[in-house]
Amino acid sequence: MSRAIILVRLALRNLRRQARRSAITAAAMIVGGALMIFSLTIGDGGHEDWIRSGARMGSGHIAIQAPNFQKSRKIDDRLAASARGAAVSALQSPSITEHTLAVVPQLAVVGLASSPTGARPAQIIGVDPIAEAEFSILDDKLVEGRYLEPDDRLAAYVGAGLLEGLDLRLGSRFVLTAQDADGEIAGQLVRVVGVYRSGVPEIDQVVIHIPLTTAGSWLRSGDDVTTIAVLLESSDRVERTSQKLNRELSAEIEAGDLTVLSWREAMPVLDAAVRIDDLGNYVWQGIMFGIIALGIVNTVLMSVLYRKREFGLLQALGFTPRQTGGLIVTEGIILTFVSGLIGIALGLFLTWYFFRDGLDFSFAWDEDWSFSGIAMDPVFVPLFRTTRVIQSLVFLFMIGIFASIYPAYRATRIDVAEAMKFER
Amino acid sequence: MNVTDMNDRNSAAVRTDAVWKIFEQEAEEVQAVRGVTLVIKPGEFVAMAGPSGSGKTTLLNLIGGLTRPSRGGIWVEGRDIAAMSNRALARMRLERIGFIFQAYNLLPVLTALENAEFPLLLQGVNGGERHRRVRELFERTGLAGLEDRRPGKLSGGQQQRVAVIRAVVGEPALVLADEPTANLDTSASDALLDMMEELNRDLGTTFVFATHDPRVMERSRRLIRLVDGAIESDERRGSEPER
Amino acid sequence: MASGPWWRIGWRNIGRNRRRTLITAAGLAFGYLAVVVLIGLMDGLTAEMIESGTGVLSGQLQVHDVEYRPERKIYDTIGGRDGADVERLVREIAADPVVEAAAPRVFAGGLVSSGESTVAGILMGVDPELEAEVSSLMNGMVRGRAPAAATNEILIGTEMARQLEVDVGDELILVAPAADGSMGNDLYTVSGVYQSGMAELDGSYAVVPIGTLQILVALDPGRIHEIAATVTDPWMAPEAADRLTAGLSPLGLEVEVAAWTELRPEMLDYAQLADGWRFVVIFIVFAIAIFGVANTMLMATYERRREIAVMLALGTTPFSIVRSVLSEAVALGILSLAFGAAITFPVMFWFHNAPPDLSWIYGDYTIFGALIRPRLRVEYNFAMALWTGVALLITALVASLYPAARAARVPPADTLSGL
């Protein structure tokens with residue numbers, strides 16, 4: 001124990017003695033650490049935003065559906081009443097409701113929307129107007145008219161893309177055609193009550209919201225739904241919540257009545273986008289810290305070579321080569337860890353101070369940038385996560401150790417007699 | 001040289017007037033040079049002797065413009081060093097003054113020849129002329145054949161001879177040598193002194209040594225003894241050199 | 001004075017502490033590698049996005065009636081209700097020097113039904129031979145073949161085939177609102193199944209021969225909605241669009257010729273942002289690398305302060321000392337650059353010719369609806385490789401400014417006596 005204190009004290013003094021060199025190396029670490037935490041918080045914030053917007057334009061962070069529905073998209077694969085009941089009661093357990101923002105029923109089918117001008121494939125979603133307004137962000141993207149209301153019957157809320165494509169306007173009537181629960185082709189006349197523009201062509205040209213009651217009578221499916229969409233307070237909760245649901249609904253799942261899909265499974269394309277963005281971020285950190293690590297290797301190595309005599313003396317006084325190496329590693333770790341800590345703190349502070357309301361890229365693009373089915377908000381609001389800070393610290397710690405290994409190895413190989421021989 | 005021939009004062013190689021050099025060390029004040037006044041005429045072969053700490057190296061550095069006096073004036077060939085910019089001082093050292101150090105101080109990355117021709121390079125002398133002059137001095141000093149060696153591959157005596165060539169190759173009016181023989185054995189010291197005497201005689205170069213080597217004092221023609229930063233004695237020995 | 005000895009001294013000095021020089025050079029070389037490869041990857045992503053976004057369906061150039069976009073009404077055909085001489089138009093467009101191929105198209109929304117199930121689809125009428133040169137759909141067959149001209153054959157995507165539970169040889173009923181307000185319907189045979197990788201596309205686009213579709217939706221043979229064209233280099237498309245606009249005007253048709261840059265402005269924005277981002281990458285990487293170089297140069301000049309004092313004593317000006325330190329930095333930079341280039345170009349060559357497959361980490365994803373495959377595709381960009389080299393040398397120079405300034409201020413007398 002006391003030996004460790006001596007090591008730390010010696011290491012600290014040596015770092016102080018080479019103040020300028022230590023400072024420059026530390027500066028690299030500080031800049032690197034700050035940049036790392038900045039890009040991680042901004043990246044995480046961006047991802048959380050993408051996920052939330054993907055979830056709120058579609059089927060939530062978690063979707064409970066019949067096993068086949070994800071692939072078939074057919075009304076045949078809707079949730080049986082019993083399965084739905086089980087799912088709803090599972091969702092009411094306190095440990096889940098605590099982190100749940102909204103649970104909505106959806107009846108989603110693929111059909112054709114046609115007007116005198118032409119016809120377009122459409123994804124028609126029957127929704128509960130009040131619940132959906134809470135859940136979805138499409139109602140916030142209103143450009144004309146209004147969102148669905150509880151008393152609406154033949155109302156449709158359509159995207160601007162589809163509106164243009166079918167040459168419709170607010171108040172226009174058009175026909176929805178799809179296969180109903182009995183396997184017949186059924187048509188339904190609806191009227192445009194509101195128009196939205198989400199910025200995502202895949203949504204604006206395709207997605208139509210109609211009241212669930214209208215959908216039920218049109219498709220002869222009654223109160224049935226295809227999806228129970230769950231919106232959580234944060235994507236961090238997804239894994240735990242779906243595990244819990246899987247446990248509670250294991251009987252229904254085994255019976256093949258339903259399945260619990262996370263957003264990653266429901267939106268594989270968005271999942272890929274988040275993964276590649278994270279991967280890119282990690283590669284970027286790897287590159288930066290690779291360069292920084294080389295700088296640390298150099299600094300620590302030079303301090304070893306300058307201090308040959310001192311190490312000779314330490315070993316003559318009874319330091320083992322292992323302890324000498326330990327001293328060097330201690331120096332490297334203190335240097336990286338302290339400067340890394342400063343860098344992370346600085347990064348957190350600067351990110352919070354300057355960008356807590358978001359890093360605004362709207363000079364470069366506006367809201368019509370979309371990828372993987374979501375509109376990319378040009379404002380990135382950083383997300384601060386303790387796990388990220390801990391991850392970063394561990395990472396910096398590893399960098400410190402790795403960068404000191406070679407210099408430490410060199411220090412252990414100093415020939416005591418040789419080092420002591422030269423009187424200056 | 002012929003900066004001017006207005007009067008005798010300006011024709012001195014070196015003139016100092018009540019020069020002081022005070023170093024601030026921590027809280028302590030060290031008076032390294034205390035009011036030295038002296039005149040060295042062109043062509044003199046002067047040794048400044050004294051125990052370590054007597055201020056002889058500092059005085060040499062003051063004359064060479066490597067450090068500036070705290071008080072008093074220094075004139076080299078009639079020019080007031082205190083009034084000169086660092087750049088002008090560098091130019092003066094390059095063209096008028098040669099330095100020889102105790103530790104040789106050759107640049108390790110340059111070969112013997114390159115070290116010797118360094119001042120000529122700085123002066124912009126063309127390659128052919130540089131090599132001619134350096135090779136001639138190498139011949140005269142027995143270094144021929146060692147031109148392409150780096151300092152690390154030369155003996156102490158050889159290194160110091162290269163250093164002397166470096167000091168005189170630009171044909172300066174004044175050579176300042178700080179303990180040039182301290183690291184050399186007797187025969188190497190003698191050879192070096194022979195060489196410097198010869199240059200003094202043939203080219204009229206003024207030599208000023210800081211030394212405590214008795215042999216150097218013996219062969220000097222003027223011996224200034226310094227104690228605690230002040231002149232204790234100043235005696236001329238032997239004859240002035242024939243110009 | 002000629003170049004002086006500074007360059008020689010600087011160059012030889014970097015050889016004095018080989019290990020340190022090597023580590024420092026490794027840092028810069030690694031930075032060079034990282035920047036050039038990252039820029040290559042960014043260019044690769046942009047190229048992939050443009051190729052995939054324009055190559056699957058839309059082509060890099062489209063010609064429409066001026067009224068057609070954005071509503072895409074079925075009766076807004078080229079040349080209005082009278083139609084146009086399609087063959088001649090296609091020929092004129094294909095004659096442009098950068099256009100590789102051009103193909104006429106008719107679009108209609110409709111229902112595709114197998115009897116058991118029905119899906120909504122976009123029906124695209126094409127000239128099978130010409131279309132094969134423009135759209136990769138026609139070449140993305142997983143089963144069967146493209147529909148033959150003037151037959152009731154249909155090519156559908158894997159997703160639609162799955163939803164309809166049909167395969168090659170099965171019959172499908174097509175129902176589509178026609179241009180005259182009636183509903184057209186007819187029986188078609190599946191000739192092939194394609195896969196583009198984009199589920200929405202594979203589930204909604206069905207390809208039929210152009211003449212057959214014209215009959216279904218009551219359009220005359222001279223009435224088409226679009227002529228799509230591919231060009232040799234996507235970046236030449238806007239130029240070609242301007243040229244074609246001028247070239248087609250004597251025909252007296254009210255057409256617009258739009259390049260992908262106009263049809264997909266967000267892709268152009270993205271490409272431009274990526275271009276700007278390159279310099280951010282260069283800046284950050286070398287801003288980090290600069291510390292390592294500064295430290296090395298500081299150590300190097302500190303170790304040699306005695307030599308510097310000697311040089312000053314011999315009459316070297318402080319400015320020349322700065323020059324010698326800067327020369328050393330440039331020498332170090334050149335060494336690093338050589339080292340960096342030696343490791344970078346093989347990596348670039350490898351990535352370019354055999355892009356590493358990352359599908360084990362992540363799947364396909366889309367940017368602006370364009371499918372991006374999970375692989376590290378790099379594009380060569382020699383201009384940027386050159387600029388990165390310049391940035392590396394500037395980094396070495398800037399990093400040594402402070403060490404050089406310190407070196408020039410070495411007090412000669414103290415240093416020489418002090419040791």
# chains A, B, ... in the order shown; residues from 1 in each chain; ligands from 1
>>> residues_around(residues="Thr141 of chain B", least_positions_apart="6", cutoff="10 Å", atoms="only C-alpha atoms", output="number ranges by chain")
B: 135, 158, 161-162, 164-165, 191-192, 194-195
>>> interface_residues(of="chain C", to="chain A", cutoff="7 Å", atoms="only C-alpha atoms", output="ChimeraX atom specification")
/C:20,23,27,30-31,34,70-74,109-111,118-122,163,177,181,266,269,273,285,288-289,291-292,295,362-369
>>> closest_atom_pairs(of="chain B", to="chain C", cutoff="6 Å", atoms="only C-alpha atoms", output="JSON lines")
{"residue": "B:Leu66", "atom": "CA", "partner": "C:Ala413", "partner_atom": "CA", "distance": 5.3}
{"residue": "B:Thr67", "atom": "CA", "partner": "C:Ala413", "partner_atom": "CA", "distance": 5.9}
{"residue": "B:Arg87", "atom": "CA", "partner": "C:Thr317", "partner_atom": "CA", "distance": 6.0}
{"residue": "B:Ala90", "atom": "CA", "partner": "C:Gly315", "partner_atom": "CA", "distance": 4.3}
{"residue": "B:Arg91", "atom": "CA", "partner": "C:Gly315", "partner_atom": "CA", "distance": 5.8}
{"residue": "B:Arg93", "atom": "CA", "partner": "C:Gly315", "partner_atom": "CA", "distance": 4.6}
{"residue": "B:Leu94", "atom": "CA", "partner": "C:Gly315", "partner_atom": "CA", "distance": 4.0}
{"residue": "B:Val109", "atom": "CA", "partner": "C:Arg12", "partner_atom": "CA", "distance": 6.0}
{"residue": "B:Gly124", "atom": "CA", "partner": "C:Met1", "partner_atom": "CA", "distance": 4.8}
>>> write_last_selection(atoms="N, CA and C atoms", output="short mmCIF file (atom, residue, chain, number, x, y, z; two decimals), in the first residue's frame")
data_model
loop_
_atom_site.label_atom_id
_atom_site.label_comp_id
_atom_site.auth_asym_id
_atom_site.auth_seq_id
_atom_site.Cartn_x
_atom_site.Cartn_y
_atom_site.Cartn_z
N LEU B 66 27.77 37.84 -26.56
CA LEU B 66 26.84 36.74 -26.26
C LEU B 66 25.95 37.11 -25.09
N THR B 67 26.44 38.07 -24.29
CA THR B 67 25.63 38.54 -23.18
C THR B 67 25.88 40.04 -23.08
N ARG B 87 20.60 41.13 -34.14
CA ARG B 87 20.91 40.76 -35.52
C ARG B 87 22.27 41.31 -35.92
N ALA B 90 24.92 39.38 -34.24
CA ALA B 90 25.14 38.10 -34.91
C ALA B 90 26.02 38.30 -36.13
N ARG B 91 25.75 39.39 -36.86
CA ARG B 91 26.50 39.68 -38.08
C ARG B 91 27.96 39.98 -37.72
N ARG B 93 29.59 38.94 -35.06
CA ARG B 93 30.27 37.71 -34.65
C ARG B 93 30.64 36.89 -35.86
N LEU B 94 29.72 36.88 -36.82
CA LEU B 94 29.95 36.09 -38.02
C LEU B 94 31.17 36.58 -38.79
N VAL B 109 25.88 16.82 -36.15
CA VAL B 109 25.30 16.30 -37.39
C VAL B 109 26.11 16.70 -38.62
N GLY B 124 27.90 33.16 -46.94
CA GLY B 124 27.47 33.04 -48.32
C GLY B 124 28.64 32.89 -49.30
#
>>> atom_distance(atom1="atom CA of Val86 of chain C", atom2="atom CA of Leu251 of chain C")
11.6 Å
>>> residues_around(residues="His352 of chain C", least_positions_apart="5", cutoff="8 Å", atoms="only C-alpha atoms", output="list in words")
Arg377, Val378, Glu379 and Tyr380 of chain C
>>> write_last_selection(atoms="C-alpha atoms", output="PDB file, in the first residue's frame")
ATOM      1  CA  ARG C 377     -16.501   1.367 -50.401  1.00  0.00           C
ATOM      2  CA  VAL C 378     -13.814   3.966 -51.037  1.00  0.00           C
ATOM      3  CA  GLU C 379     -13.397   6.269 -53.970  1.00  0.00           C
ATOM      4  CA  TYR C 380      -9.991   7.551 -54.983  1.00  0.00           C
TER       5      TYR C 380
END
>>> atom_distance(atom1="atom CA of Val231 of chain C", atom2="atom CA of Val99 of chain C")
4.3 Å
>>> select_by_dssp(residues="segment 40-92 of chain B", states="strand (DSSP E)", output="VMD selection string")
chain B and resid 40 45 to 49 71 to 76 79 to 80
>>> residues_around(residues="Phe311 of chain A", least_positions_apart="6", cutoff="12 Å", atoms="only C-alpha atoms", output="PDB file with N, CA and C atoms, in the first residue's frame")
ATOM      1  N   LEU A  10       6.199   9.643  -6.636  1.00  0.00           N
ATOM      2  CA  LEU A  10       7.320   9.786  -7.568  1.00  0.00           C
ATOM      3  C   LEU A  10       6.818  10.159  -8.958  1.00  0.00           C
ATOM      4  N   ASN A  14       7.683  13.515 -11.122  1.00  0.00           N
ATOM      5  CA  ASN A  14       8.320  13.475 -12.432  1.00  0.00           C
ATOM      6  C   ASN A  14       7.511  14.225 -13.465  1.00  0.00           C
ATOM      7  N   SER A 303      10.867  10.468 -21.395  1.00  0.00           N
ATOM      8  CA  SER A 303      11.152  10.723 -19.987  1.00  0.00           C
ATOM      9  C   SER A 303      11.893   9.522 -19.400  1.00  0.00           C
ATOM     10  N   VAL A 304      11.646   8.344 -19.952  1.00  0.00           N
ATOM     11  CA  VAL A 304      12.414   7.168 -19.511  1.00  0.00           C
ATOM     12  C   VAL A 304      13.868   7.311 -19.941  1.00  0.00           C
ATOM     13  N   LEU A 305      14.069   7.678 -21.190  1.00  0.00           N
ATOM     14  CA  LEU A 305      15.436   7.732 -21.698  1.00  0.00           C
ATOM     15  C   LEU A 305      16.247   8.844 -21.028  1.00  0.00           C
ATOM     16  N   LEU A 317      19.031   1.225  -5.384  1.00  0.00           N
ATOM     17  CA  LEU A 317      18.481   1.370  -4.035  1.00  0.00           C
ATOM     18  C   LEU A 317      17.472   0.282  -3.702  1.00  0.00           C
ATOM     19  N   GLY A 318      17.259  -0.649  -4.626  1.00  0.00           N
ATOM     20  CA  GLY A 318      16.414  -1.776  -4.291  1.00  0.00           C
ATOM     21  C   GLY A 318      15.080  -1.826  -5.015  1.00  0.00           C
ATOM     22  N   PHE A 319      14.839  -0.900  -5.946  1.00  0.00           N
ATOM     23  CA  PHE A 319      13.648  -1.010  -6.779  1.00  0.00           C
ATOM     24  C   PHE A 319      13.826  -2.202  -7.699  1.00  0.00           C
ATOM     25  N   THR A 320      12.812  -3.029  -7.805  1.00  0.00           N
ATOM     26  CA  THR A 320      12.905  -4.109  -8.781  1.00  0.00           C
ATOM     27  C   THR A 320      12.567  -3.533 -10.148  1.00  0.00           C
ATOM     28  N   PRO A 321      13.010  -4.202 -11.223  1.00  0.00           N
ATOM     29  CA  PRO A 321      12.654  -3.723 -12.561  1.00  0.00           C
ATOM     30  C   PRO A 321      11.142  -3.604 -12.705  1.00  0.00           C
ATOM     31  N   ARG A 322      10.417  -4.536 -12.072  1.00  0.00           N
ATOM     32  CA  ARG A 322       8.971  -4.494 -12.159  1.00  0.00           C
ATOM     33  C   ARG A 322       8.423  -3.199 -11.556  1.00  0.00           C
ATOM     34  N   GLN A 323       9.034  -2.781 -10.425  1.00  0.00           N
ATOM     35  CA  GLN A 323       8.566  -1.539  -9.806  1.00  0.00           C
ATOM     36  C   GLN A 323       8.911  -0.332 -10.675  1.00  0.00           C
ATOM     37  N   THR A 324      10.095  -0.417 -11.300  1.00  0.00           N
ATOM     38  CA  THR A 324      10.475   0.676 -12.201  1.00  0.00           C
ATOM     39  C   THR A 324       9.444   0.793 -13.313  1.00  0.00           C
ATOM     40  N   GLY A 325       9.106  -0.372 -13.895  1.00  0.00           N
ATOM     41  CA  GLY A 325       8.080  -0.379 -14.933  1.00  0.00           C
ATOM     42  C   GLY A 325       6.773   0.161 -14.388  1.00  0.00           C
ATOM     43  N   GLY A 326       6.453  -0.238 -13.172  1.00  0.00           N
ATOM     44  CA  GLY A 326       5.222   0.219 -12.540  1.00  0.00           C
ATOM     45  C   GLY A 326       5.196   1.726 -12.405  1.00  0.00           C
ATOM     46  N   LEU A 327       6.351   2.287 -12.087  1.00  0.00           N
ATOM     47  CA  LEU A 327       6.439   3.738 -11.954  1.00  0.00           C
ATOM     48  C   LEU A 327       6.071   4.418 -13.275  1.00  0.00           C
ATOM     49  N   ILE A 328       6.618   3.852 -14.356  1.00  0.00           N
ATOM     50  CA  ILE A 328       6.353   4.442 -15.671  1.00  0.00           C
ATOM     51  C   ILE A 328       4.873   4.323 -16.020  1.00  0.00           C
ATOM     52  N   ALA A 408       7.556   1.425 -20.366  1.00  0.00           N
ATOM     53  CA  ALA A 408       7.806   0.733 -19.105  1.00  0.00           C
ATOM     54  C   ALA A 408       8.725  -0.460 -19.340  1.00  0.00           C
ATOM     55  N   ARG A 410      10.904  -0.701 -21.657  1.00  0.00           N
ATOM     56  CA  ARG A 410      12.252  -0.163 -21.869  1.00  0.00           C
ATOM     57  C   ARG A 410      12.911   0.151 -20.520  1.00  0.00           C
ATOM     58  N   ALA A 411      12.119   0.716 -19.614  1.00  0.00           N
ATOM     59  CA  ALA A 411      12.674   1.117 -18.318  1.00  0.00           C
ATOM     60  C   ALA A 411      13.147  -0.104 -17.534  1.00  0.00           C
ATOM     61  N   THR A 412      12.427  -1.221 -17.674  1.00  0.00           N
ATOM     62  CA  THR A 412      12.830  -2.401 -16.911  1.00  0.00           C
ATOM     63  C   THR A 412      14.144  -2.966 -17.440  1.00  0.00           C
ATOM     64  N   ARG A 413      14.493  -2.622 -18.640  1.00  0.00           N
ATOM     65  CA  ARG A 413      15.685  -3.216 -19.229  1.00  0.00           C
ATOM     66  C   ARG A 413      16.929  -2.346 -19.078  1.00  0.00           C
ATOM     67  N   ILE A 414      16.819  -1.304 -18.272  1.00  0.00           N
ATOM     68  CA  ILE A 414      17.982  -0.450 -18.068  1.00  0.00           C
ATOM     69  C   ILE A 414      19.045  -1.216 -17.296  1.00  0.00           C
ATOM     70  N   ASP A 415      20.258  -1.152 -17.815  1.00  0.00           N
ATOM     71  CA  ASP A 415      21.381  -1.818 -17.163  1.00  0.00           C
ATOM     72  C   ASP A 415      21.902  -0.904 -16.059  1.00  0.00           C
ATOM     73  N   VAL A 416      21.738  -1.353 -14.812  1.00  0.00           N
ATOM     74  CA  VAL A 416      22.059  -0.479 -13.682  1.00  0.00           C
ATOM     75  C   VAL A 416      23.510  -0.013 -13.731  1.00  0.00           C
ATOM     76  N   ALA A 417      24.426  -0.946 -13.920  1.00  0.00           N
ATOM     77  CA  ALA A 417      25.845  -0.598 -13.907  1.00  0.00           C
ATOM     78  C   ALA A 417      26.146   0.422 -14.995  1.00  0.00           C
ATOM     79  N   GLU A 418      25.574   0.185 -16.155  1.00  0.00           N
ATOM     80  CA  GLU A 418      25.792   1.066 -17.298  1.00  0.00           C
ATOM     81  C   GLU A 418      25.259   2.459 -16.993  1.00  0.00           C
ATOM     82  N   ALA A 419      24.047   2.485 -16.420  1.00  0.00           N
ATOM     83  CA  ALA A 419      23.394   3.765 -16.164  1.00  0.00           C
ATOM     84  C   ALA A 419      24.135   4.580 -15.117  1.00  0.00           C
ATOM     85  N   MET A 420      24.783   3.885 -14.171  1.00  0.00           N
ATOM     86  CA  MET A 420      25.439   4.594 -13.082  1.00  0.00           C
ATOM     87  C   MET A 420      26.872   4.975 -13.414  1.00  0.00           C
TER      88      MET A 420
END
>>> closest_residue(among="A:Leu15, A:Leu40, A:Val379, A:Gly45", to="Leu348 of chain A", atoms="only C-alpha atoms")
A:Leu40
>>> atom_distance(atom1="atom CA of Gly78 of chain B", atom2="atom CA of Glu218 of chain B")
29.3 Å
>>> select_by_dssp(residues="segment 101-252 of chain C", states="helix (DSSP H, G or I)", output="PyMOL selection string")
chain C and resi 128-134+136-139+158-164+199-204+210-216+234-251
